[in-house]
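Heads up, protein.cif below (mmCIF, C-alpha atoms):
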```cif
data_run
#
loop_
_atom_site.label_atom_id
_atom_site.label_comp_id
_atom_site.auth_asym_id
_atom_site.auth_seq_id
_atom_site.Cartn_x
_atom_site.Cartn_y
_atom_site.Cartn_z
CA MET A 1 -17.53 81.68 16.59
CA SER A 2 -19.41 84.34 18.50
CA LEU A 3 -20.38 86.66 21.29
CA THR A 4 -22.94 85.65 23.89
CA SER A 5 -26.69 86.00 23.45
CA THR A 6 -29.64 86.32 25.83
CA THR A 7 -31.40 83.13 26.91
CA ARG A 8 -34.96 82.63 25.69
CA THR A 9 -37.19 79.58 25.36
CA THR A 10 -37.87 80.34 21.68
CA ALA A 11 -35.90 82.48 19.30
CA PRO A 12 -36.43 84.12 15.94
CA GLY A 13 -34.85 82.08 13.17
CA ASP A 14 -34.79 78.85 15.22
CA ASP A 15 -37.27 76.93 13.06
CA PRO A 16 -35.86 74.59 10.39
CA PRO A 17 -35.22 76.38 7.10
CA PRO A 18 -37.95 76.04 4.48
CA GLN A 19 -37.35 73.34 1.88
CA SER A 20 -37.85 75.92 -0.85
CA TYR A 21 -34.71 77.87 0.06
CA ASP A 22 -32.53 77.91 -3.06
CA GLY A 23 -29.22 79.07 -1.60
CA ASN A 24 -29.23 82.41 -3.45
CA SER A 25 -32.28 84.33 -2.28
CA PRO A 26 -32.32 86.54 0.82
CA PHE A 27 -33.35 84.68 3.96
CA PRO A 28 -37.09 84.87 4.67
CA GLN A 29 -37.69 87.54 7.28
CA GLY A 30 -40.93 86.16 8.70
CA SER A 31 -42.77 88.22 11.27
CA SER A 32 -41.18 91.23 12.88
CA PRO A 33 -39.12 90.38 15.98
CA PRO A 34 -40.70 91.31 19.29
CA ALA A 35 -39.77 94.57 20.97
CA ARG A 36 -36.62 94.29 23.07
CA THR A 37 -37.05 93.73 26.77
CA GLY A 38 -35.05 95.72 29.30
CA ARG A 39 -32.64 92.80 29.66
CA GLU A 40 -32.13 92.60 25.89
CA ARG A 41 -31.52 96.34 25.66
CA LEU A 42 -28.89 95.96 28.38
CA TYR A 43 -27.31 93.13 26.37
CA VAL A 44 -27.10 95.33 23.27
CA THR A 45 -25.53 98.13 25.33
CA VAL A 46 -22.95 95.79 26.85
CA THR A 47 -22.21 94.30 23.41
CA ALA A 48 -21.66 97.79 22.01
CA VAL A 49 -19.17 98.53 24.79
CA ILE A 50 -17.36 95.24 24.16
CA VAL A 51 -17.16 95.96 20.43
CA VAL A 52 -16.37 99.68 20.58
CA LEU A 53 -13.97 99.80 23.54
CA PRO A 54 -11.14 97.91 21.79
CA PHE A 55 -11.55 100.25 18.80
CA VAL A 56 -11.11 103.23 21.09
CA GLY A 57 -8.00 101.58 22.49
CA LEU A 58 -6.71 100.94 18.99
CA GLY A 59 -7.10 104.61 18.11
CA ILE A 60 -5.34 105.73 21.29
CA ALA A 61 -2.58 103.17 20.75
CA GLY A 62 -2.06 104.42 17.18
CA TRP A 63 -1.71 107.95 18.46
CA LEU A 64 0.75 106.80 21.11
CA LEU A 65 2.73 104.81 18.56
CA TRP A 66 3.03 107.96 16.48
CA GLY A 67 4.74 109.44 19.51
CA ARG A 68 6.75 106.21 19.97
CA LEU A 69 5.28 105.50 23.38
CA ILE A 70 5.47 101.72 23.38
CA HIS A 71 7.67 99.37 25.35
CA PRO A 72 9.03 95.85 24.73
CA ALA A 73 7.04 94.59 27.71
CA ASP A 74 3.81 95.75 26.00
CA ILE A 75 4.58 93.58 22.97
CA ALA A 76 5.57 90.56 25.08
CA LEU A 77 2.48 90.84 27.28
CA GLY A 78 0.23 91.36 24.28
CA PHE A 79 1.62 88.29 22.53
CA ALA A 80 1.34 86.11 25.65
CA LEU A 81 -2.25 87.17 26.36
CA TYR A 82 -3.23 86.82 22.69
CA VAL A 83 -2.01 83.23 22.70
CA LEU A 84 -3.59 82.48 26.10
CA THR A 85 -7.01 83.89 25.29
CA GLY A 86 -6.93 82.77 21.65
CA LEU A 87 -6.30 79.14 22.59
CA GLY A 88 -8.98 79.50 25.25
CA VAL A 89 -11.43 80.27 22.44
CA THR A 90 -10.22 77.78 19.83
CA VAL A 91 -9.20 74.83 22.00
CA GLY A 92 -11.51 75.46 24.96
CA PHE A 93 -14.72 77.06 23.69
CA HIS A 94 -14.68 75.70 20.14
CA ARG A 95 -13.05 72.32 19.68
CA GLY A 96 -13.59 71.14 23.24
CA LEU A 97 -16.88 72.46 24.61
CA THR A 98 -18.77 73.09 21.37
CA HIS A 99 -17.81 70.03 19.33
CA GLY A 100 -16.39 67.52 21.82
CA SER A 101 -13.23 66.95 19.78
CA TYR A 102 -11.49 65.77 22.94
CA ARG A 103 -12.07 65.44 26.67
CA ALA A 104 -9.85 67.32 29.09
CA VAL A 105 -9.27 66.73 32.78
CA ARG A 106 -11.35 69.02 34.97
CA PRO A 107 -8.66 71.65 35.87
CA VAL A 108 -7.68 72.06 32.21
CA ARG A 109 -11.31 72.27 31.11
CA ILE A 110 -11.99 75.02 33.62
CA ALA A 111 -8.74 76.85 32.83
CA LEU A 112 -9.49 76.87 29.09
CA ALA A 113 -13.03 78.13 29.73
CA VAL A 114 -11.61 80.95 31.87
CA ALA A 115 -8.98 81.82 29.24
CA GLY A 116 -11.63 81.89 26.50
CA SER A 117 -13.85 84.13 28.61
CA MET A 118 -10.95 86.59 28.91
CA SER A 119 -11.08 87.08 25.13
CA PHE A 120 -14.05 89.46 25.64
CA GLN A 121 -16.16 87.39 23.22
CA GLY A 122 -18.96 86.61 25.63
CA ASP A 123 -19.75 84.08 28.32
CA VAL A 124 -18.89 80.47 27.56
CA VAL A 125 -22.45 79.09 27.51
CA GLY A 126 -23.70 81.79 25.14
CA TRP A 127 -20.67 81.42 22.86
CA VAL A 128 -21.13 77.66 22.55
CA ALA A 129 -24.90 77.87 22.03
CA THR A 130 -24.55 80.43 19.26
CA HIS A 131 -21.86 78.46 17.48
CA ARG A 132 -23.85 75.23 17.64
CA ARG A 133 -26.80 77.10 16.14
CA HIS A 134 -24.49 78.30 13.36
CA HIS A 135 -23.60 74.68 12.53
CA ALA A 136 -27.24 73.59 12.66
CA PHE A 137 -28.23 76.14 9.97
CA THR A 138 -24.98 77.02 8.19
CA ASP A 139 -25.62 79.57 5.44
CA ARG A 140 -29.36 78.88 5.58
CA PRO A 141 -32.24 80.64 7.32
CA GLY A 142 -31.57 80.26 11.05
CA ASP A 143 -27.81 80.82 10.83
CA PRO A 144 -27.10 83.78 13.15
CA HIS A 145 -24.18 85.12 11.09
CA SER A 146 -24.29 83.90 7.51
CA PRO A 147 -22.89 86.36 4.93
CA TYR A 148 -25.61 85.16 2.52
CA ARG A 149 -28.46 86.48 4.64
CA HIS A 150 -29.30 89.17 2.08
CA GLY A 151 -28.81 87.05 -1.04
CA THR A 152 -25.95 86.49 -3.46
CA HIS A 153 -26.24 89.62 -5.61
CA LEU A 154 -23.53 92.26 -5.10
CA ARG A 155 -25.46 94.51 -2.75
CA GLY A 156 -26.68 91.53 -0.77
CA ILE A 157 -23.16 90.12 -0.45
CA LEU A 158 -21.80 93.44 0.83
CA ARG A 159 -24.62 93.75 3.37
CA GLY A 160 -24.20 90.11 4.31
CA LEU A 161 -20.46 90.45 4.82
CA LEU A 162 -21.02 93.32 7.24
CA HIS A 163 -23.75 91.36 9.01
CA ALA A 164 -21.60 88.22 9.32
CA HIS A 165 -18.61 90.14 10.61
CA ILE A 166 -20.19 92.40 13.21
CA GLY A 167 -23.84 93.27 12.48
CA TRP A 168 -25.25 90.01 13.84
CA LEU A 169 -24.05 90.97 17.31
CA PHE A 170 -26.77 93.61 17.44
CA ALA A 171 -29.57 91.60 15.80
CA ASN A 172 -32.61 90.80 17.93
CA SER A 173 -32.23 87.04 17.42
CA PRO A 174 -31.14 85.48 20.72
CA THR A 175 -30.09 81.85 20.88
CA PRO A 176 -31.83 79.68 23.51
CA HIS A 177 -29.15 78.19 25.73
CA GLY A 178 -31.43 75.41 26.94
CA ARG A 179 -31.87 74.13 23.40
CA TYR A 180 -28.30 74.42 22.14
CA ALA A 181 -26.16 74.00 25.25
CA PRO A 182 -28.09 71.92 27.82
CA ASP A 183 -24.93 69.96 28.65
CA LEU A 184 -23.13 73.13 29.70
CA LEU A 185 -26.08 74.38 31.72
CA ALA A 186 -25.91 71.08 33.60
CA ASP A 187 -22.19 71.51 34.27
CA ARG A 188 -21.58 73.26 37.61
CA ASP A 189 -18.03 74.33 36.70
CA ILE A 190 -18.98 75.82 33.34
CA ARG A 191 -21.99 77.62 34.85
CA ALA A 192 -19.66 79.21 37.40
CA VAL A 193 -17.25 80.36 34.68
CA SER A 194 -20.19 81.74 32.68
CA ARG A 195 -21.43 83.75 35.67
CA ALA A 196 -17.91 85.07 36.24
CA PHE A 197 -17.70 86.57 32.73
CA PRO A 198 -17.99 90.24 33.85
CA ALA A 199 -15.22 89.74 36.42
CA LEU A 200 -13.04 88.00 33.83
CA CYS A 201 -13.51 90.98 31.48
CA VAL A 202 -12.15 93.22 34.23
CA LEU A 203 -9.30 90.77 34.83
CA THR A 204 -8.27 90.65 31.16
CA LEU A 205 -7.73 94.43 31.30
CA ALA A 206 -6.41 94.70 34.85
CA LEU A 207 -3.78 92.01 34.25
CA PRO A 208 -1.80 93.87 31.56
CA PHE A 209 -2.12 97.13 33.48
CA GLY A 210 -0.78 95.56 36.68
CA LEU A 211 1.98 93.61 34.97
CA GLY A 212 3.00 96.62 32.90
CA TRP A 213 3.26 98.76 36.02
CA ALA A 214 5.19 96.03 37.86
CA VAL A 215 7.67 95.52 35.01
CA GLY A 216 8.07 99.17 34.04
CA GLY A 217 7.90 100.63 37.52
CA SER A 218 5.43 103.43 36.74
CA TRP A 219 1.75 103.92 36.03
CA ARG A 220 2.63 105.15 32.52
CA HIS A 221 3.99 101.71 31.70
CA GLY A 222 0.78 100.27 33.10
CA VAL A 223 -1.32 102.46 30.80
CA THR A 224 0.64 101.55 27.65
CA ALA A 225 0.44 97.87 28.57
CA LEU A 226 -3.32 98.25 29.08
CA LEU A 227 -3.64 99.79 25.61
CA TRP A 228 -1.43 97.34 23.71
CA ALA A 229 -1.70 94.09 25.68
CA GLY A 230 -5.29 94.83 26.69
CA LEU A 231 -7.43 96.75 24.22
CA VAL A 232 -5.44 96.31 21.01
CA ARG A 233 -4.95 92.60 21.71
CA ILE A 234 -8.70 92.19 22.27
CA ALA A 235 -9.55 94.13 19.09
CA LEU A 236 -7.21 91.98 16.99
CA LEU A 237 -8.57 88.70 18.33
CA HIS A 238 -12.15 89.94 17.89
CA HIS A 239 -11.64 90.65 14.21
CA VAL A 240 -9.73 87.46 13.53
CA THR A 241 -12.59 85.49 15.13
CA TRP A 242 -15.26 87.45 13.26
CA SER A 243 -13.34 86.99 10.01
CA VAL A 244 -13.83 83.25 10.36
CA ASN A 245 -17.58 83.97 10.49
CA SER A 246 -17.48 86.27 7.47
CA LEU A 247 -14.46 85.85 5.16
CA CYS A 248 -14.19 82.09 5.71
CA HIS A 249 -17.62 81.66 4.20
CA MET A 250 -16.90 83.81 1.16
CA ILE A 251 -13.22 83.69 0.15
CA GLY A 252 -10.90 80.73 -0.18
CA GLU A 253 -10.78 77.11 -1.27
CA ARG A 254 -13.32 74.36 -0.71
CA PRO A 255 -11.55 71.00 -1.14
CA PHE A 256 -14.02 69.12 1.10
CA ARG A 257 -17.67 68.28 0.76
CA THR A 258 -20.04 70.06 3.15
CA ARG A 259 -23.82 70.08 3.56
CA ARG A 260 -26.06 71.72 0.99
CA HIS A 261 -25.69 75.53 0.95
CA ASP A 262 -22.72 75.39 3.41
CA ARG A 263 -20.01 77.54 1.81
CA ALA A 264 -17.27 77.30 4.48
CA THR A 265 -13.79 77.83 3.00
CA ASN A 266 -10.11 77.48 3.84
CA LEU A 267 -8.40 80.88 4.07
CA TRP A 268 -4.66 80.40 4.62
CA PRO A 269 -3.64 84.01 5.46
CA LEU A 270 -5.60 83.77 8.74
CA ALA A 271 -4.22 80.37 9.77
CA LEU A 272 -1.66 81.46 12.36
CA LEU A 273 -3.61 84.43 13.72
CA SER A 274 -6.68 82.20 14.17
CA PHE A 275 -4.67 79.27 15.59
CA GLY A 276 -5.80 77.04 12.72
CA GLU A 277 -9.48 77.98 12.74
CA SER A 278 -9.39 79.38 9.22
CA TRP A 279 -9.05 75.86 7.80
CA HIS A 280 -12.79 76.23 7.99
CA ASN A 281 -13.86 74.01 5.10
CA LEU A 282 -12.57 70.80 6.70
CA HIS A 283 -14.09 71.88 10.00
CA HIS A 284 -17.54 72.13 8.45
CA ALA A 285 -17.01 68.87 6.59
CA ASP A 286 -16.03 67.10 9.84
CA PRO A 287 -16.98 69.33 12.82
CA THR A 288 -15.79 66.99 15.58
CA SER A 289 -12.27 66.64 14.18
CA ALA A 290 -9.60 67.88 16.59
CA ARG A 291 -7.44 68.99 13.65
CA HIS A 292 -8.73 71.44 11.05
CA GLY A 293 -5.62 71.86 8.94
CA VAL A 294 -5.11 68.40 7.44
CA GLY A 295 -3.31 69.31 4.22
CA ARG A 296 0.42 69.48 3.73
CA GLY A 297 1.81 72.69 5.21
CA GLN A 298 -1.49 73.64 6.85
CA LEU A 299 -0.36 74.90 10.25
CA ASP A 300 -2.84 74.26 13.05
CA PRO A 301 -1.53 75.52 16.42
CA SER A 302 -4.75 74.54 18.20
CA ALA A 303 -4.33 70.92 17.11
CA ALA A 304 -0.69 71.02 18.22
CA PHE A 305 -1.79 72.23 21.66
CA ILE A 306 -4.40 69.46 21.93
CA ARG A 307 -1.68 66.97 20.99
CA LEU A 308 0.50 68.35 23.78
CA LEU A 309 -2.34 68.00 26.28
CA GLU A 310 -2.88 64.43 25.13
CA ARG A 311 0.79 63.52 25.56
CA LEU A 312 0.81 65.04 29.04
CA GLY A 313 -2.20 62.96 29.99
CA LEU A 314 -4.41 66.04 30.33
CA ALA A 315 -6.68 65.22 27.39
CA HIS A 316 -8.09 61.94 26.11
CA ASP A 317 -10.62 60.56 23.63
CA VAL A 318 -9.17 62.93 21.01
CA ARG A 319 -10.90 62.66 17.66
CA TRP A 320 -7.97 62.84 15.26
CA PRO A 321 -8.81 62.70 11.55
CA THR A 322 -7.85 59.45 9.82
CA PRO A 323 -6.72 59.31 6.17
CA ALA A 324 -9.84 57.33 5.26
CA ARG A 325 -12.13 59.85 6.96
CA VAL A 326 -10.45 62.78 5.22
CA ALA A 327 -10.53 61.06 1.84
CA ALA A 328 -14.22 60.33 2.20
CA ARG A 329 -14.95 64.05 2.50
CA GLN A 330 -12.81 65.27 -0.38
CA LEU A 331 -14.49 66.55 -3.49
#
```

This structure in structure tokens:
Amino acid sequence: MSLTSTTRTTAPGDDPPPQSYDGNSPFPQGSSPPARTGRERLYVTVTAVIVVLPFVGLGIAGWLLWGRLIHPADIALGFALYVLTGLGVTVGFHRGLTHGSYRAVRPVRIALAVAGSMSFQGDVVGWVATHRRHHAFTDRPGDPHSPYRHGTHLRGILRGLLHAHIGWLFANSPTPHGRYAPDLLADRDIRAVSRAFPALCVLTLALPFGLGWAVGGSWRHGVTALLWAGLVRIALLHHVTWSVNSLCHMIGERPFRTRRHDRATNLWPLALLSFGESWHNLHHADPTSARHGVGRGQLDPSAAFIRLLERLGLAHDVRWPTPARVAARQL
């Protein structure tokens, strides 16, 4: 799961990992990456704003909470937008567009792509391309956000955890969209949503401000809604998503067989906040499965939403896991 990256015909770290990689050593660095172009420097600047702005909002919101300046509408709006944008990422970006776990009718496909874009995690084409690259090289050289990038010794793990959580966003290792997401580049609707990403970022902040003002009747209510249902909501979803990149490759259980060096885990405390994405071990064992939480008591809201779409006739060709398929992947 990821932020967008700049398109390029070739990219550092795109070559297949060397056969000699042992799973414990730091990733080979190769030649130094080329100097950033003006477009890449702009990307880094925009990424910094996307990452830092919600933190600023979180700090302001904490100060306001200390003064008890929060309203019920802020909480309701924040919850509604968290669910809307979160499912846009998990059901739209991830299980639908990245892995083809189901096929949705055109209006739903576009709506989910728009909702995912409002999560502030990058344009849809870049998000999908980066995540597909992650699956192509999971926890091996070429993976854009593996926590094992710096080796498995203590210092390397700590550096790797920081890299996997947030540092990779600033690395000069763009993912070529033409190589990893040619199907989306050929899709007129998805290209339009991708181009609209800056406007959707404005919308995801303007919406809580406008609704807060309308419900509360004053600009002060609009500002508190912007902080809580806008910036704080975005910050929370960011870190839940990034935790799947980082923590769900380091902490948790691994009941299913994955490829060599792939250390994806199940981390139950994140299950509800991530809408079922933290059942990450099964996902890496069977990436196209529409359900990630297959064990007893493993809540998977994203799968439940896909089931609802299927029953309403809005999704079809859903790849539900069968008992035989699950059993074949168990350790």

Original post:
Using the chain letters and numbers from the file, which residues does the PyMOL selection byres ((chain A and resi 321) around 12) grab, as a PyMOL selection string?
Top reply: chain A and resi 101+282-283+285-295+303+318-320+322-329

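Take the candidates A:Val91, A:Ile70, A:Arg257, A:His165 and check each one against A:Glu277 using only C-alpha atoms; the shortest distance goes to A:Val91.
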
Original post:
Counting all atoms listed in the file, which of A:Arg103, A:Arg133, A:His316, A:Arg155 gets nearest to A:Pro26?
Top reply: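 Selected residue with least distance to A:Pro26: A:Arg155.
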
**OP:** Please provide the set of residues having any atom within 12 Å of A:Ser302, restricted to all atoms listed in the file, with same-chain residues fewer than 4 positions apart removed, written as a VMD selection string.
**Re:** chain A and resid 83 to 96 101 271 to 279 289 to 293 298 306 to 309

**OP:** For the structure shown, which residues end up in the PyMOL selection byres ((chain A and resi 148) around 8)? Put them as a VMD selection string, please?
**Re:** chain A and resid 24 26 to 27 139 to 140 146 to 147 149 to 152 156 to 157 160 to 161

**OP:** Please measure the separation of atom CA of A:Ala199 and atom CA of A:Ala76, giving the value in Å to one decimal.
**Re:**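 If I compute the distance from atom CA of A:Ala199 to atom CA of A:Ala76, I get 23.7 Å.
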
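Residue nearest A:Thr138, chosen from A:Ala164, A:Leu205, A:Ala214, A:Val114 and counting only C-alpha atoms: A:Ala164.
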
**OP:** Spell out the residues picked by the PyMOL selection byres ((chain A and resi 242) around 12) here, as a PyMOL selection string.
**Re:** chain A and resi 1-3+51+121+131+145-147+161-169+235-241+243-249+270+274+277-278
